[in-house]
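What follows is the content of my_file.cif, which has mmCIF, C-alpha atoms:
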```cif
data_start
loop_
_atom_site.label_atom_id
_atom_site.label_comp_id
_atom_site.auth_asym_id
_atom_site.auth_seq_id
_atom_site.Cartn_x
_atom_site.Cartn_y
_atom_site.Cartn_z
CA MET A 135 40.45 59.04 -13.02
CA SER A 136 38.60 62.18 -13.40
CA VAL A 137 35.75 63.64 -15.37
CA LEU A 138 33.41 61.71 -13.12
CA HIS A 139 35.10 59.03 -14.91
CA LEU A 140 34.34 59.46 -18.46
CA LYS A 141 36.37 56.35 -18.46
CA ILE A 142 33.27 54.29 -18.92
CA SER A 143 35.02 52.82 -21.96
CA GLY A 144 38.19 53.43 -23.91
CA SER A 145 36.10 54.96 -26.65
CA VAL A 146 35.02 57.64 -24.16
CA ALA A 147 31.47 57.99 -25.38
CA ALA A 148 31.20 61.39 -23.74
CA LEU A 149 33.66 62.71 -26.33
CA MET A 150 30.83 62.71 -28.86
CA LEU A 151 31.53 65.40 -31.42
CA LEU A 152 34.38 66.97 -29.44
CA PRO A 153 37.49 67.94 -31.45
CA ALA A 154 40.44 65.57 -31.48
CA ILE A 155 43.33 66.34 -29.16
CA ALA A 156 46.08 68.36 -30.81
CA GLN A 157 49.25 66.35 -31.32
CA ALA A 158 51.85 69.04 -32.00
CA GLN A 159 54.15 70.02 -29.14
CA PRO A 160 54.64 73.79 -29.00
CA ALA A 161 58.27 74.76 -29.18
CA ILE A 162 59.73 76.79 -26.34
CA GLU A 163 60.52 79.86 -28.41
CA ASP A 164 63.17 81.41 -26.17
CA PRO A 165 66.35 79.27 -26.38
CA ALA A 166 67.51 80.52 -22.98
CA ILE A 167 64.25 79.43 -21.34
CA ALA A 168 64.37 76.08 -23.17
CA ALA A 169 67.90 75.46 -21.92
CA ARG A 170 66.99 76.49 -18.38
CA VAL A 171 63.97 74.18 -18.32
CA ASP A 172 66.05 71.31 -19.67
CA ARG A 173 68.70 71.82 -16.99
CA LEU A 174 66.08 72.14 -14.27
CA LEU A 175 64.11 69.03 -15.19
CA SER A 176 67.28 67.02 -15.74
CA ALA A 177 68.22 67.80 -12.13
CA HIS A 178 64.65 67.62 -10.76
CA PRO A 179 62.58 65.22 -12.87
CA VAL A 180 58.81 65.43 -12.82
CA ILE A 181 56.98 63.14 -10.41
CA ASP A 182 53.39 63.03 -11.61
CA GLY A 183 50.65 62.02 -9.19
CA HIS A 184 48.16 60.41 -11.53
CA ASN A 185 48.18 58.58 -14.87
CA ASP A 186 45.44 56.20 -15.99
CA LEU A 187 47.33 54.17 -18.59
CA PRO A 188 46.64 50.87 -16.73
CA TRP A 189 42.89 51.15 -17.33
CA GLU A 190 43.46 52.03 -20.98
CA LEU A 191 45.63 48.94 -21.33
CA ARG A 192 42.83 46.86 -19.83
CA ASP A 193 40.12 48.53 -21.89
CA ARG A 194 41.88 48.66 -25.26
CA PHE A 195 44.10 45.57 -25.12
CA ASP A 196 42.36 43.31 -22.60
CA SER A 197 45.40 43.73 -20.31
CA ASP A 198 47.50 41.84 -22.87
CA LEU A 199 50.83 43.68 -22.93
CA SER A 200 51.94 41.75 -26.02
CA LYS A 201 49.44 43.83 -27.99
CA VAL A 202 51.13 47.18 -27.31
CA ASP A 203 54.75 48.30 -27.29
CA LEU A 204 55.21 51.04 -24.70
CA ALA A 205 58.80 51.48 -25.85
CA SER A 206 57.53 53.02 -29.10
CA ASP A 207 55.09 55.78 -30.03
CA THR A 208 51.60 54.81 -28.86
CA ALA A 209 49.94 57.99 -30.17
CA SER A 210 49.92 56.58 -33.69
CA LEU A 211 48.22 53.32 -32.76
CA PRO A 212 44.87 52.85 -34.49
CA PRO A 213 41.86 52.77 -32.17
CA PRO A 214 40.57 49.32 -31.23
CA GLU A 215 37.89 47.96 -33.55
CA ASN A 216 35.32 48.07 -30.77
CA MET A 217 36.30 51.66 -29.85
CA PRO A 218 36.41 53.59 -33.13
CA ASP A 219 36.19 56.96 -31.36
CA ALA A 220 39.02 56.28 -28.90
CA ILE A 221 41.49 59.15 -28.68
CA PRO A 222 45.23 58.48 -29.06
CA LEU A 223 47.07 57.21 -26.02
CA MET A 224 48.92 59.96 -24.17
CA THR A 225 51.67 57.84 -22.62
CA ASP A 226 54.66 55.78 -23.72
CA ILE A 227 58.25 55.47 -22.56
CA PRO A 228 59.84 57.72 -25.22
CA ARG A 229 57.41 60.51 -24.41
CA LEU A 230 57.87 60.03 -20.66
CA ARG A 231 61.59 60.55 -21.19
CA ALA A 232 61.02 63.55 -23.47
CA GLY A 233 58.84 65.06 -20.75
CA HIS A 234 61.56 64.54 -18.11
CA VAL A 235 59.27 62.28 -16.07
CA GLY A 236 61.30 60.57 -13.36
CA GLY A 237 58.43 59.20 -11.29
CA GLN A 238 54.85 58.27 -12.08
CA PHE A 239 51.97 57.16 -9.88
CA TRP A 240 49.99 54.71 -12.02
CA SER A 241 46.32 54.72 -11.08
CA VAL A 242 44.68 51.35 -10.48
CA TRP A 243 41.19 52.77 -10.93
CA ILE A 244 38.11 50.58 -11.30
CA PRO A 245 34.51 51.70 -11.92
CA VAL A 246 32.45 52.76 -8.89
CA SER A 247 29.74 50.39 -10.10
CA VAL A 248 31.97 47.48 -9.04
CA SER A 249 31.87 46.70 -5.33
CA GLY A 250 32.56 44.02 -2.74
CA PRO A 251 34.77 41.02 -3.57
CA GLU A 252 34.61 41.81 -7.29
CA ALA A 253 36.09 45.26 -6.64
CA ILE A 254 38.92 43.76 -4.61
CA GLU A 255 39.66 41.20 -7.33
CA MET A 256 39.63 43.83 -10.10
CA THR A 257 41.92 46.12 -8.10
CA ILE A 258 44.42 43.29 -7.63
CA GLU A 259 44.26 42.62 -11.37
CA GLN A 260 45.13 46.27 -12.03
CA ILE A 261 48.01 46.16 -9.53
CA ASP A 262 49.24 43.02 -11.28
CA LEU A 263 48.99 44.82 -14.63
CA VAL A 264 51.20 47.68 -13.38
CA LYS A 265 53.76 45.21 -12.07
CA ARG A 266 53.76 43.30 -15.35
CA MET A 267 54.14 46.57 -17.25
CA VAL A 268 57.15 47.52 -15.14
CA ALA A 269 58.68 44.05 -15.49
CA ALA A 270 58.31 44.20 -19.27
CA TYR A 271 60.56 47.27 -19.51
CA PRO A 272 63.24 46.80 -16.82
CA GLU A 273 65.69 49.19 -18.46
CA SER A 274 63.18 52.04 -18.35
CA LEU A 275 60.77 51.37 -15.47
CA ALA A 276 61.25 50.30 -11.86
CA LEU A 277 58.69 49.63 -9.13
CA ALA A 278 59.12 52.15 -6.29
CA LEU A 279 57.73 51.79 -2.78
CA THR A 280 59.53 54.60 -0.95
CA ALA A 281 60.92 58.07 -1.54
CA GLU A 282 64.42 56.67 -1.54
CA ASP A 283 63.40 54.11 -4.16
CA MET A 284 62.38 57.01 -6.39
CA VAL A 285 65.68 58.82 -5.88
CA ARG A 286 67.64 55.61 -6.55
CA ASP A 287 65.65 54.81 -9.71
CA GLU A 288 66.09 58.33 -11.06
CA LYS A 289 69.85 58.13 -10.55
CA ALA A 290 69.84 54.80 -12.38
CA GLY A 291 68.05 56.37 -15.34
CA ARG A 292 64.77 54.55 -14.77
CA ILE A 293 61.27 55.95 -14.29
CA ALA A 294 60.09 55.20 -10.76
CA SER A 295 56.68 53.55 -10.97
CA LEU A 296 54.32 53.80 -8.02
CA ILE A 297 50.78 52.51 -7.52
CA GLY A 298 47.78 54.56 -6.43
CA ILE A 299 44.29 53.18 -5.68
CA GLU A 300 41.64 55.60 -6.96
CA GLY A 301 38.63 54.98 -4.75
CA GLY A 302 37.81 53.77 -1.25
CA HIS A 303 35.21 51.39 -2.68
CA GLN A 304 38.17 49.28 -3.82
CA ILE A 305 38.92 47.93 -0.32
CA GLY A 306 35.42 46.53 0.21
CA GLY A 307 34.97 48.20 3.60
CA SER A 308 37.82 46.19 5.12
CA LEU A 309 40.92 47.45 6.94
CA ALA A 310 42.46 44.03 6.37
CA VAL A 311 42.08 44.51 2.62
CA LEU A 312 43.57 48.00 2.94
CA ARG A 313 46.62 46.50 4.66
CA GLN A 314 47.00 43.86 1.98
CA MET A 315 46.74 46.47 -0.79
CA TYR A 316 49.62 48.29 0.87
CA ALA A 317 51.54 45.02 1.04
CA LEU A 318 50.95 44.59 -2.71
CA GLY A 319 52.56 47.97 -3.34
CA ALA A 320 49.80 50.59 -3.26
CA ARG A 321 51.22 53.83 -1.85
CA TYR A 322 48.16 56.04 -1.92
CA MET A 323 44.41 55.63 -1.89
CA THR A 324 41.84 58.19 -2.96
CA LEU A 325 39.16 58.04 -0.26
CA THR A 326 36.28 58.22 -2.74
CA HIS A 327 35.80 58.41 -6.45
CA SER A 328 32.78 59.96 -8.17
CA SER A 329 30.28 58.44 -5.69
CA ASN A 330 30.13 58.31 -1.90
CA THR A 331 31.48 55.26 -0.16
CA GLU A 332 29.79 53.88 2.93
CA TRP A 333 32.26 55.86 5.01
CA ALA A 334 33.10 59.09 3.14
CA ASP A 335 31.37 61.70 0.98
CA SER A 336 32.45 62.37 -2.59
CA ALA A 337 32.74 65.79 -4.22
CA THR A 338 30.37 64.75 -7.01
CA ASP A 339 27.60 63.00 -5.08
CA ALA A 340 24.87 64.24 -2.76
CA PRO A 341 26.39 64.34 0.76
CA VAL A 342 25.24 61.58 3.10
CA HIS A 343 27.75 61.43 5.94
CA GLY A 344 28.77 65.07 6.33
CA GLY A 345 32.38 64.05 5.63
CA LEU A 346 33.98 60.98 7.22
CA THR A 347 32.14 58.40 9.32
CA ALA A 348 33.80 56.82 12.35
CA PHE A 349 34.99 54.00 10.09
CA GLY A 350 36.33 56.56 7.63
CA GLU A 351 38.42 58.01 10.43
CA GLN A 352 39.77 54.51 11.12
CA VAL A 353 40.74 54.22 7.45
CA VAL A 354 42.69 57.49 7.58
CA ARG A 355 44.46 56.53 10.82
CA GLU A 356 45.36 53.11 9.44
CA MET A 357 46.73 54.63 6.26
CA ASN A 358 48.90 56.95 8.37
CA ARG A 359 50.11 53.95 10.39
CA LEU A 360 50.99 52.03 7.24
CA GLY A 361 52.65 54.94 5.45
CA MET A 362 50.04 55.00 2.66
CA LEU A 363 49.35 58.53 1.44
CA VAL A 364 45.78 59.74 1.97
CA ASP A 365 44.53 61.16 -1.34
CA LEU A 366 41.75 63.76 -1.10
CA SER A 367 41.07 64.25 -4.80
CA HIS A 368 37.41 63.43 -5.55
CA VAL A 369 36.23 63.93 -1.94
CA SER A 370 33.82 66.56 -0.60
CA PRO A 371 35.05 69.65 1.27
CA ASP A 372 33.71 68.17 4.52
CA THR A 373 35.65 64.97 3.92
CA MET A 374 38.75 67.06 3.22
CA LYS A 375 38.34 68.98 6.48
CA ASP A 376 37.54 65.90 8.57
CA THR A 377 40.66 64.20 7.21
CA LEU A 378 42.92 67.18 7.82
CA ALA A 379 41.62 67.37 11.40
CA ILE A 380 42.88 63.88 12.24
CA ALA A 381 45.70 63.15 9.79
CA ARG A 382 49.14 62.76 11.36
CA ALA A 383 50.92 62.66 8.01
CA PRO A 384 50.72 65.00 5.01
CA VAL A 385 47.88 64.33 2.59
CA ILE A 386 47.91 64.67 -1.17
CA PHE A 387 45.40 65.72 -3.78
CA SER A 388 46.74 63.50 -6.56
CA HIS A 389 44.91 65.27 -9.40
CA SER A 390 42.95 68.41 -8.49
CA GLY A 391 42.99 72.15 -9.10
CA ALA A 392 42.11 75.36 -7.28
CA ARG A 393 38.44 76.15 -6.79
CA GLY A 394 39.30 79.84 -6.65
CA VAL A 395 40.29 79.60 -10.32
CA ALA A 396 37.62 77.21 -11.61
CA ASP A 397 34.66 76.53 -9.32
CA HIS A 398 34.32 72.83 -10.05
CA PRO A 399 33.56 70.61 -7.03
CA ARG A 400 36.59 68.48 -7.94
CA ASN A 401 38.86 71.40 -7.09
CA VAL A 402 40.15 72.50 -3.68
CA PRO A 403 38.53 75.43 -1.81
CA ASP A 404 40.63 78.25 -0.38
CA ASP A 405 39.99 77.35 3.26
CA VAL A 406 41.26 73.83 2.62
CA LEU A 407 44.34 75.19 0.84
CA ARG A 408 45.10 77.26 3.92
CA ALA A 409 44.57 74.26 6.23
CA LEU A 410 46.92 72.24 4.04
CA VAL A 411 49.85 74.37 5.16
CA GLN A 412 49.78 73.07 8.73
CA ASN A 413 49.29 69.51 7.50
CA GLY A 414 52.21 69.75 5.07
CA GLY A 415 50.32 68.23 2.15
CA ILE A 416 50.22 69.10 -1.54
CA VAL A 417 47.76 69.66 -4.38
CA MET A 418 48.97 68.03 -7.61
CA VAL A 419 47.41 70.03 -10.43
CA ASN A 420 45.09 68.27 -12.91
CA PHE A 421 45.05 69.03 -16.66
CA TYR A 422 41.38 68.19 -17.40
CA PRO A 423 39.93 71.29 -19.14
CA GLY A 424 36.64 71.13 -17.23
CA TYR A 425 38.55 71.55 -13.98
CA VAL A 426 41.08 74.03 -15.39
CA SER A 427 38.78 76.53 -17.14
CA GLU A 428 35.67 78.14 -15.70
CA ALA A 429 34.40 78.80 -19.24
CA ARG A 430 34.91 75.16 -20.17
CA ARG A 431 33.18 74.05 -16.96
CA HIS A 432 30.06 75.99 -18.00
CA TRP A 433 30.28 74.73 -21.57
CA ASP A 434 30.48 71.11 -20.37
CA ALA A 435 27.34 71.63 -18.28
CA GLU A 436 25.52 73.23 -21.22
CA LEU A 437 26.57 70.37 -23.51
CA ALA A 438 25.23 67.84 -21.00
CA ALA A 439 21.96 69.80 -20.81
CA GLN A 440 21.64 69.76 -24.59
CA LYS A 441 22.15 66.01 -24.72
CA THR A 442 19.44 65.58 -22.11
CA LEU A 443 17.12 67.95 -23.97
CA LEU A 444 17.58 66.14 -27.27
CA SER A 445 17.69 62.47 -26.38
CA ALA A 446 17.28 61.70 -22.66
CA PRO A 447 15.49 58.37 -22.04
CA PRO A 448 12.89 57.22 -21.44
CA TYR A 449 10.53 60.13 -22.19
CA GLY A 450 12.35 63.44 -21.90
CA GLY A 451 14.25 63.99 -25.15
CA LEU A 452 12.94 65.98 -28.09
CA TYR A 453 14.32 63.32 -30.42
CA ILE A 454 14.10 60.23 -28.25
CA GLY A 455 14.46 57.19 -30.49
CA GLN A 456 15.70 59.38 -33.38
CA PRO A 457 19.51 59.31 -33.00
CA ASP A 458 20.21 60.90 -36.38
CA LYS A 459 18.04 63.90 -35.61
CA ALA A 460 19.50 64.20 -32.11
CA ALA A 461 23.06 64.08 -33.48
CA ALA A 462 22.28 66.69 -36.14
CA ALA A 463 20.69 69.00 -33.59
CA LEU A 464 23.64 68.63 -31.23
CA ALA A 465 26.08 69.35 -34.07
CA GLU A 466 24.13 72.49 -34.91
CA TRP A 467 24.23 73.60 -31.26
CA GLN A 468 27.99 73.11 -31.21
CA LYS A 469 28.41 75.26 -34.30
CA THR A 470 26.87 78.18 -32.45
CA HIS A 471 28.46 77.26 -29.11
CA PRO A 472 32.09 76.37 -29.85
CA MET A 473 34.06 74.69 -27.11
CA PRO A 474 36.18 77.28 -25.22
CA ARG A 475 39.94 76.97 -25.54
CA THR A 476 41.95 75.72 -22.58
CA THR A 477 45.61 76.70 -22.53
CA ILE A 478 48.90 76.05 -20.78
CA ALA A 479 48.58 79.48 -19.18
CA MET A 480 45.31 78.41 -17.52
CA VAL A 481 47.00 75.40 -15.93
CA ALA A 482 49.78 77.69 -14.76
CA ASP A 483 47.09 79.92 -13.21
CA HIS A 484 46.10 77.04 -10.91
CA ILE A 485 49.71 76.42 -9.93
CA ASP A 486 50.24 80.13 -9.25
CA TYR A 487 47.04 80.34 -7.22
CA ILE A 488 47.84 77.34 -5.01
CA ALA A 489 51.38 78.63 -4.47
CA ARG A 490 50.00 82.05 -3.50
CA ILE A 491 47.41 80.70 -1.02
CA ALA A 492 49.26 77.70 0.43
CA GLY A 493 52.84 78.41 -0.61
CA PRO A 494 55.20 76.84 -3.15
CA ASP A 495 55.86 73.91 -0.79
CA HIS A 496 52.31 72.66 -1.31
CA VAL A 497 51.86 72.24 -5.05
CA GLY A 498 52.78 69.51 -7.53
CA LEU A 499 51.59 67.93 -10.79
CA GLY A 500 48.99 65.20 -11.29
CA ALA A 501 47.92 65.58 -14.89
CA ASP A 502 45.44 62.66 -15.12
CA LEU A 503 46.69 61.86 -18.62
CA ASP A 504 45.07 58.85 -20.27
CA GLY A 505 42.20 59.43 -17.84
CA ILE A 506 40.75 62.51 -19.52
CA PRO A 507 38.98 62.86 -22.89
CA ASP A 508 40.91 65.94 -23.94
CA ALA A 509 43.60 68.23 -22.57
CA PRO A 510 44.73 71.87 -22.70
CA GLU A 511 46.41 72.95 -25.92
CA GLY A 512 50.02 71.87 -25.76
CA LEU A 513 49.59 69.58 -22.72
CA ASP A 514 48.03 66.56 -24.35
CA ALA A 515 50.68 63.95 -23.51
CA VAL A 516 53.46 63.08 -21.08
CA ASP A 517 56.14 64.76 -23.18
CA LYS A 518 54.64 68.23 -22.73
CA TYR A 519 55.66 69.11 -19.16
CA PRO A 520 58.59 71.31 -20.30
CA ALA A 521 56.15 73.71 -21.97
CA LEU A 522 54.36 74.22 -18.65
CA PHE A 523 57.63 74.87 -16.85
CA ALA A 524 58.60 77.37 -19.54
CA GLU A 525 55.38 79.27 -18.86
CA LEU A 526 56.19 79.38 -15.15
CA VAL A 527 59.74 80.56 -15.89
CA ARG A 528 58.26 83.43 -17.88
CA ARG A 529 56.13 84.24 -14.82
CA GLY A 530 59.19 84.59 -12.62
CA TRP A 531 59.28 81.27 -10.78
CA THR A 532 62.67 80.46 -9.28
CA ASP A 533 64.55 77.25 -9.99
CA LYS A 534 64.23 76.33 -6.33
CA ASP A 535 60.43 76.53 -6.37
CA LEU A 536 60.20 74.87 -9.78
CA GLY A 537 62.23 71.96 -8.40
CA LYS A 538 59.75 71.63 -5.56
CA LEU A 539 56.85 71.67 -8.02
CA ALA A 540 58.47 69.08 -10.29
CA GLY A 541 58.93 66.47 -7.59
CA GLY A 542 60.60 67.84 -4.50
CA ASN A 543 57.35 68.48 -2.67
CA LEU A 544 56.07 64.97 -3.33
CA LEU A 545 59.34 63.44 -2.13
CA ARG A 546 59.09 65.48 1.09
CA VAL A 547 55.50 64.34 1.64
CA MET A 548 56.42 60.69 1.14
CA ARG A 549 59.37 60.95 3.52
CA GLN A 550 57.19 62.55 6.18
CA ALA A 551 54.52 59.87 5.76
CA GLU A 552 57.20 57.18 6.06
CA THR A 553 58.51 58.83 9.25
CA VAL A 554 55.04 58.89 10.80
CA ALA A 555 54.55 55.23 9.89
CA ALA A 556 57.91 54.23 11.37
CA ALA A 557 57.05 55.96 14.62
CA SER A 558 53.71 54.14 14.73
CA GLN A 559 55.00 50.61 14.46
#
```
In structure tokens, write the structure found in this file.
Amino acid sequence: MSVLHLKISGSVAALMLLPAIAQAQPAIEDPAIAARVDRLLSAHPVIDGHNDLPWELRDRFDSDLSKVDLASDTASLPPPENMPDAIPLMTDIPRLRAGHVGGQFWSVWIPVSVSGPEAIEMTIEQIDLVKRMVAAYPESLALALTAEDMVRDEKAGRIASLIGIEGGHQIGGSLAVLRQMYALGARYMTLTHSSNTEWADSATDAPVHGGLTAFGEQVVREMNRLGMLVDLSHVSPDTMKDTLAIARAPVIFSHSGARGVADHPRNVPDDVLRALVQNGGIVMVNFYPGYVSEARRHWDAELAAQKTLLSAPPYGGLYIGQPDKAAAALAEWQKTHPMPRTTIAMVADHIDYIARIAGPDHVGLGADLDGIPDAPEGLDAVDKYPALFAELVRRGWTDKDLGKLAGGNLLRVMRQAETVAAASQ
């Protein structure tokens, strides 16, 4: 999950007063482009690196799959009674198919506040939830553990479902637990989430280790030995560089953007993009507006400052203890400071930038849908990928490079990681 995980609850309290996500899918106006995109994505389905539906299922439905039908439209579901401000779900099987999604890494994120044995237990519960979700829809979903599994599932008309652990805190500081998570089906792990672990620095925490500790290096080497992809989304630049210096298999950034386009610490700096070429890894581009748009990044920071100014506990807010006044003042501020638009073209800018710096072999898609509180206009759900590909077609991308972006690059990375693991046994 992203947004420093604004995933504190399904209601996403940080959405306070933000506009609702647009639901209409923009038509691809040029019929020739629409037909080309349809042909392309039929031959090269999207493999997305990061979707947080499992946590939403836990948060909204108490992990009870009988309470939600993923084979029907979930966008129209009413919000849970205890989450009246919850935004519509962004994922269901019909929309995955409409978006030409052939493979999906399901995130088994848990909060960074959970640690030790409880974190391990909660992670296993989330892995179990993904497996139950896949088992509930056998005609549409299939658990995938290898690149060839994904290819086989796509040919069979099913959406390959993979598992990604979103934070090194979830292994409880144990290589044995890491190995058992792999045995349970996890095929990547993000080394940190929004906070440092005891062995690696996060992008959104004050640095403590200067990158990886000696144990952090052991984690990376063991992941390479197992064939588990090392995910560098959420980690600090020093952690990125330390990992690239020792990794024997390609790394991924499962849901990040380019820092040269939007200077958010969750995005990837140019020097790391250049180093990624030798490693063979990929950056899978995130859709969260605060990472996509520099203007939105600044607006988010200003909004946070206003909230602190108006109501920060215990002593700092102008209207501390007066929620109605604080809400009215914030609404007035938003009238004079409207939220900047974030567009499909801005997401395409990140893809273009990464392809220009690192090359088209090193970029993919990791939208972070159902893990973000809003999305760029026209990219608010899993059915909207064709609109992004249409934008890239208009920019002159070739079918060959678009096929790599859709899923070819991720398949290559997985195969290379599997080869390194086989040679290590």
Can you pull out every residue within 7 Å of Ser241 (chain A), counting all atoms listed in the file, but drop anything in the same chain fewer than 2 positions away, and send it as a ChimeraX atom specification? /A:184-186,188,239,243,297-300
Would you mind exporting the chosen residues as a PDB file, keeping the file's coordinate frame, restricted to C-alpha atoms?
```pdb
ATOM      1  CA  HIS A 184      48.160  60.410 -11.530  1.00  0.00           C
ATOM      2  CA  ASN A 185      48.180  58.580 -14.870  1.00  0.00           C
ATOM      3  CA  ASP A 186      45.440  56.200 -15.990  1.00  0.00           C
ATOM      4  CA  PRO A 188      46.640  50.870 -16.730  1.00  0.00           C
ATOM      5  CA  PHE A 239      51.970  57.160  -9.880  1.00  0.00           C
ATOM      6  CA  TRP A 243      41.190  52.770 -10.930  1.00  0.00           C
ATOM      7  CA  ILE A 297      50.780  52.510  -7.520  1.00  0.00           C
ATOM      8  CA  GLY A 298      47.780  54.560  -6.430  1.00  0.00           C
ATOM      9  CA  ILE A 299      44.290  53.180  -5.680  1.00  0.00           C
ATOM     10  CA  GLU A 300      41.640  55.600  -6.960  1.00  0.00           C
TER      11      GLU A 300
END
```
Name every residue that the PyMOL selection byres ((chain A and resi 473-478) around 7) selects in this structure, writing the answer as a list in words with chains first and numbers rising. Pro423, Ser427, Ala429, Arg430, Trp433, His471, Pro472, Ala479, Met480, Val481, Ala482, Pro510, Glu511, Gly512, Leu513 and Leu522 of chain A
Restricting it to C-alpha atoms, dump the selection as a short mmCIF file (atom, residue, chain, number, x, y, z; two decimals), keeping the file's coordinate frame.
```cif
data_model
loop_
_atom_site.label_atom_id
_atom_site.label_comp_id
_atom_site.auth_asym_id
_atom_site.auth_seq_id
_atom_site.Cartn_x
_atom_site.Cartn_y
_atom_site.Cartn_z
CA PRO A 423 39.93 71.29 -19.14
CA SER A 427 38.78 76.53 -17.14
CA ALA A 429 34.40 78.80 -19.24
CA ARG A 430 34.91 75.16 -20.17
CA TRP A 433 30.28 74.73 -21.57
CA HIS A 471 28.46 77.26 -29.11
CA PRO A 472 32.09 76.37 -29.85
CA ALA A 479 48.58 79.48 -19.18
CA MET A 480 45.31 78.41 -17.52
CA VAL A 481 47.00 75.40 -15.93
CA ALA A 482 49.78 77.69 -14.76
CA PRO A 510 44.73 71.87 -22.70
CA GLU A 511 46.41 72.95 -25.92
CA GLY A 512 50.02 71.87 -25.76
CA LEU A 513 49.59 69.58 -22.72
CA LEU A 522 54.36 74.22 -18.65
#
```
Could you work out how far CA of Leu325 (chain A) lies from CA of Gly301 (chain A), giving the answer in Å with one decimal?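 One can read the CA of Gly301 (chain A) to CA of Leu325 (chain A) distance as 5.5 Å.
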Pick from A:Met256, A:Gln314, A:Glu356, A:Ala177 nearest to Gln559 (chain A), counting only C-alpha atoms: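 Among A:Met256, A:Gln314, A:Glu356, A:Ala177, it is A:Glu356 that comes nearest to Gln559 (chain A).
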Can you work out which one of A:Arg321, A:Arg546, A:Arg266, A:His178 has the shortest atom-to-atom distance to Gly414 (chain A), counting all atoms listed in the file?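 Closest candidate: A:Arg546.
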Between A:Arg231, A:Arg194, A:His327, A:Arg400, which is the closest to Asp219 (chain A) once you count only C-alpha atoms? A:Arg194
Env of Lys459 (chain A): 9 Å cut, atoms = only C-alpha atoms, seq-sep filter 5 positions within chain, self excluded. Answer as an MDAnalysis selection string. chainID A and resid 444 453 464
Could you work out how far CA of Leu296 (chain A) lies from CA of Tyr487 (chain A), giving the answer in Å with one decimal? 27.5 Å
Hey, what's within 12 Å of Pro214 (chain A) if we count only C-alpha atoms and toss same-chain stuff fewer than 4 positions away? As a PDB file with C-alpha atoms, in the coordinates of the input, please?
```pdb
ATOM      1  CA  SER A 143      35.020  52.820 -21.960  1.00  0.00           C
ATOM      2  CA  GLY A 144      38.190  53.430 -23.910  1.00  0.00           C
ATOM      3  CA  SER A 145      36.100  54.960 -26.650  1.00  0.00           C
ATOM      4  CA  GLU A 190      43.460  52.030 -20.980  1.00  0.00           C
ATOM      5  CA  LEU A 191      45.630  48.940 -21.330  1.00  0.00           C
ATOM      6  CA  ARG A 192      42.830  46.860 -19.830  1.00  0.00           C
ATOM      7  CA  ASP A 193      40.120  48.530 -21.890  1.00  0.00           C
ATOM      8  CA  ARG A 194      41.880  48.660 -25.260  1.00  0.00           C
ATOM      9  CA  PHE A 195      44.100  45.570 -25.120  1.00  0.00           C
ATOM     10  CA  ASP A 196      42.360  43.310 -22.600  1.00  0.00           C
ATOM     11  CA  LYS A 201      49.440  43.830 -27.990  1.00  0.00           C
ATOM     12  CA  VAL A 202      51.130  47.180 -27.310  1.00  0.00           C
ATOM     13  CA  PRO A 218      36.410  53.590 -33.130  1.00  0.00           C
ATOM     14  CA  ASP A 219      36.190  56.960 -31.360  1.00  0.00           C
ATOM     15  CA  ALA A 220      39.020  56.280 -28.900  1.00  0.00           C
ATOM     16  CA  ILE A 221      41.490  59.150 -28.680  1.00  0.00           C
ATOM     17  CA  PRO A 222      45.230  58.480 -29.060  1.00  0.00           C
ATOM     18  CA  LEU A 223      47.070  57.210 -26.020  1.00  0.00           C
TER      19      LEU A 223
END
```
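You will find CA of Leu503 (chain A) at 11.1 Å from CA of Gln238 (chain A).
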Mind dumping a table of every region 211-253 of chain A residue within 12 Å of region 328-351 of chain A, with the nearest atom pair and its distance in Å to one decimal, using all atoms listed in the file, sorted by chain and rising number, as a tab-separated table?
```
residue	atom	partner	partner_atom	distance
A:Trp243	CA	A:Ser328	CA	11.4
A:Ile244	CA	A:Ser328	CA	11.2
A:Pro245	CA	A:Ser328	CA	9.2
A:Val246	CA	A:Ser329	CA	6.9
A:Ser247	CA	A:Ser329	CA	9.2
A:Val248	CA	A:Ser329	CA	11.6
A:Ser249	CA	A:Thr331	CA	10.0
A:Gly250	CA	A:Thr331	CA	11.6
```
Matched chain/residue IDs from the PyMOL selection byres ((chain A and resi 173) around 12), as JSON, numbers by chain: {"A": [166, 167, 168, 169, 170, 171, 172, 174, 175, 176, 177, 178, 179, 234, 520, 523, 524, 533, 536, 537]}
Select, from A:Ala278, A:Val417, A:Leu366, A:Ala383, the residue with the minimum atom-to-atom distance to Gly302 (chain A), counting all atoms listed in the file.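 When distances to Gly302 (chain A) are compared using all atoms listed in the file, the smallest one comes from A:Leu366.
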Compare A:Asp226, A:Glu273, A:Asp495, A:Asp483 by their minimum atom-to-atom distance to Gly541 (chain A), counting all atoms listed in the file, and give me the closest one.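 Of all the options, A:Asp495 lies closest to Gly541 (chain A).
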Report the residues retrieved by the PyMOL selection byres ((chain A and resi 208) around 12) from the displayed file, expressed as a PyMOL selection string. chain A and resi 187+190-191+201-207+209-213+221-230+504+515-516
Residues near Ile380 (chain A), cut-off 10 Å, only C-alpha atoms, skip fewer than 5 positions along chain, as an mmCIF file with C-alpha atoms, in the frame of the given file:
```cif
data_model
loop_
_atom_site.group_PDB
_atom_site.id
_atom_site.type_symbol
_atom_site.label_atom_id
_atom_site.label_comp_id
_atom_site.auth_asym_id
_atom_site.auth_seq_id
_atom_site.Cartn_x
_atom_site.Cartn_y
_atom_site.Cartn_z
ATOM 1 C CA GLU A 351 38.420 58.010 10.430
ATOM 2 C CA GLN A 352 39.770 54.510 11.120
ATOM 3 C CA VAL A 354 42.690 57.490 7.580
ATOM 4 C CA ARG A 355 44.460 56.530 10.820
ATOM 5 C CA ASN A 358 48.900 56.950 8.370
ATOM 6 C CA LYS A 375 38.340 68.980 6.480
ATOM 7 C CA ASN A 413 49.290 69.510 7.500
#
```
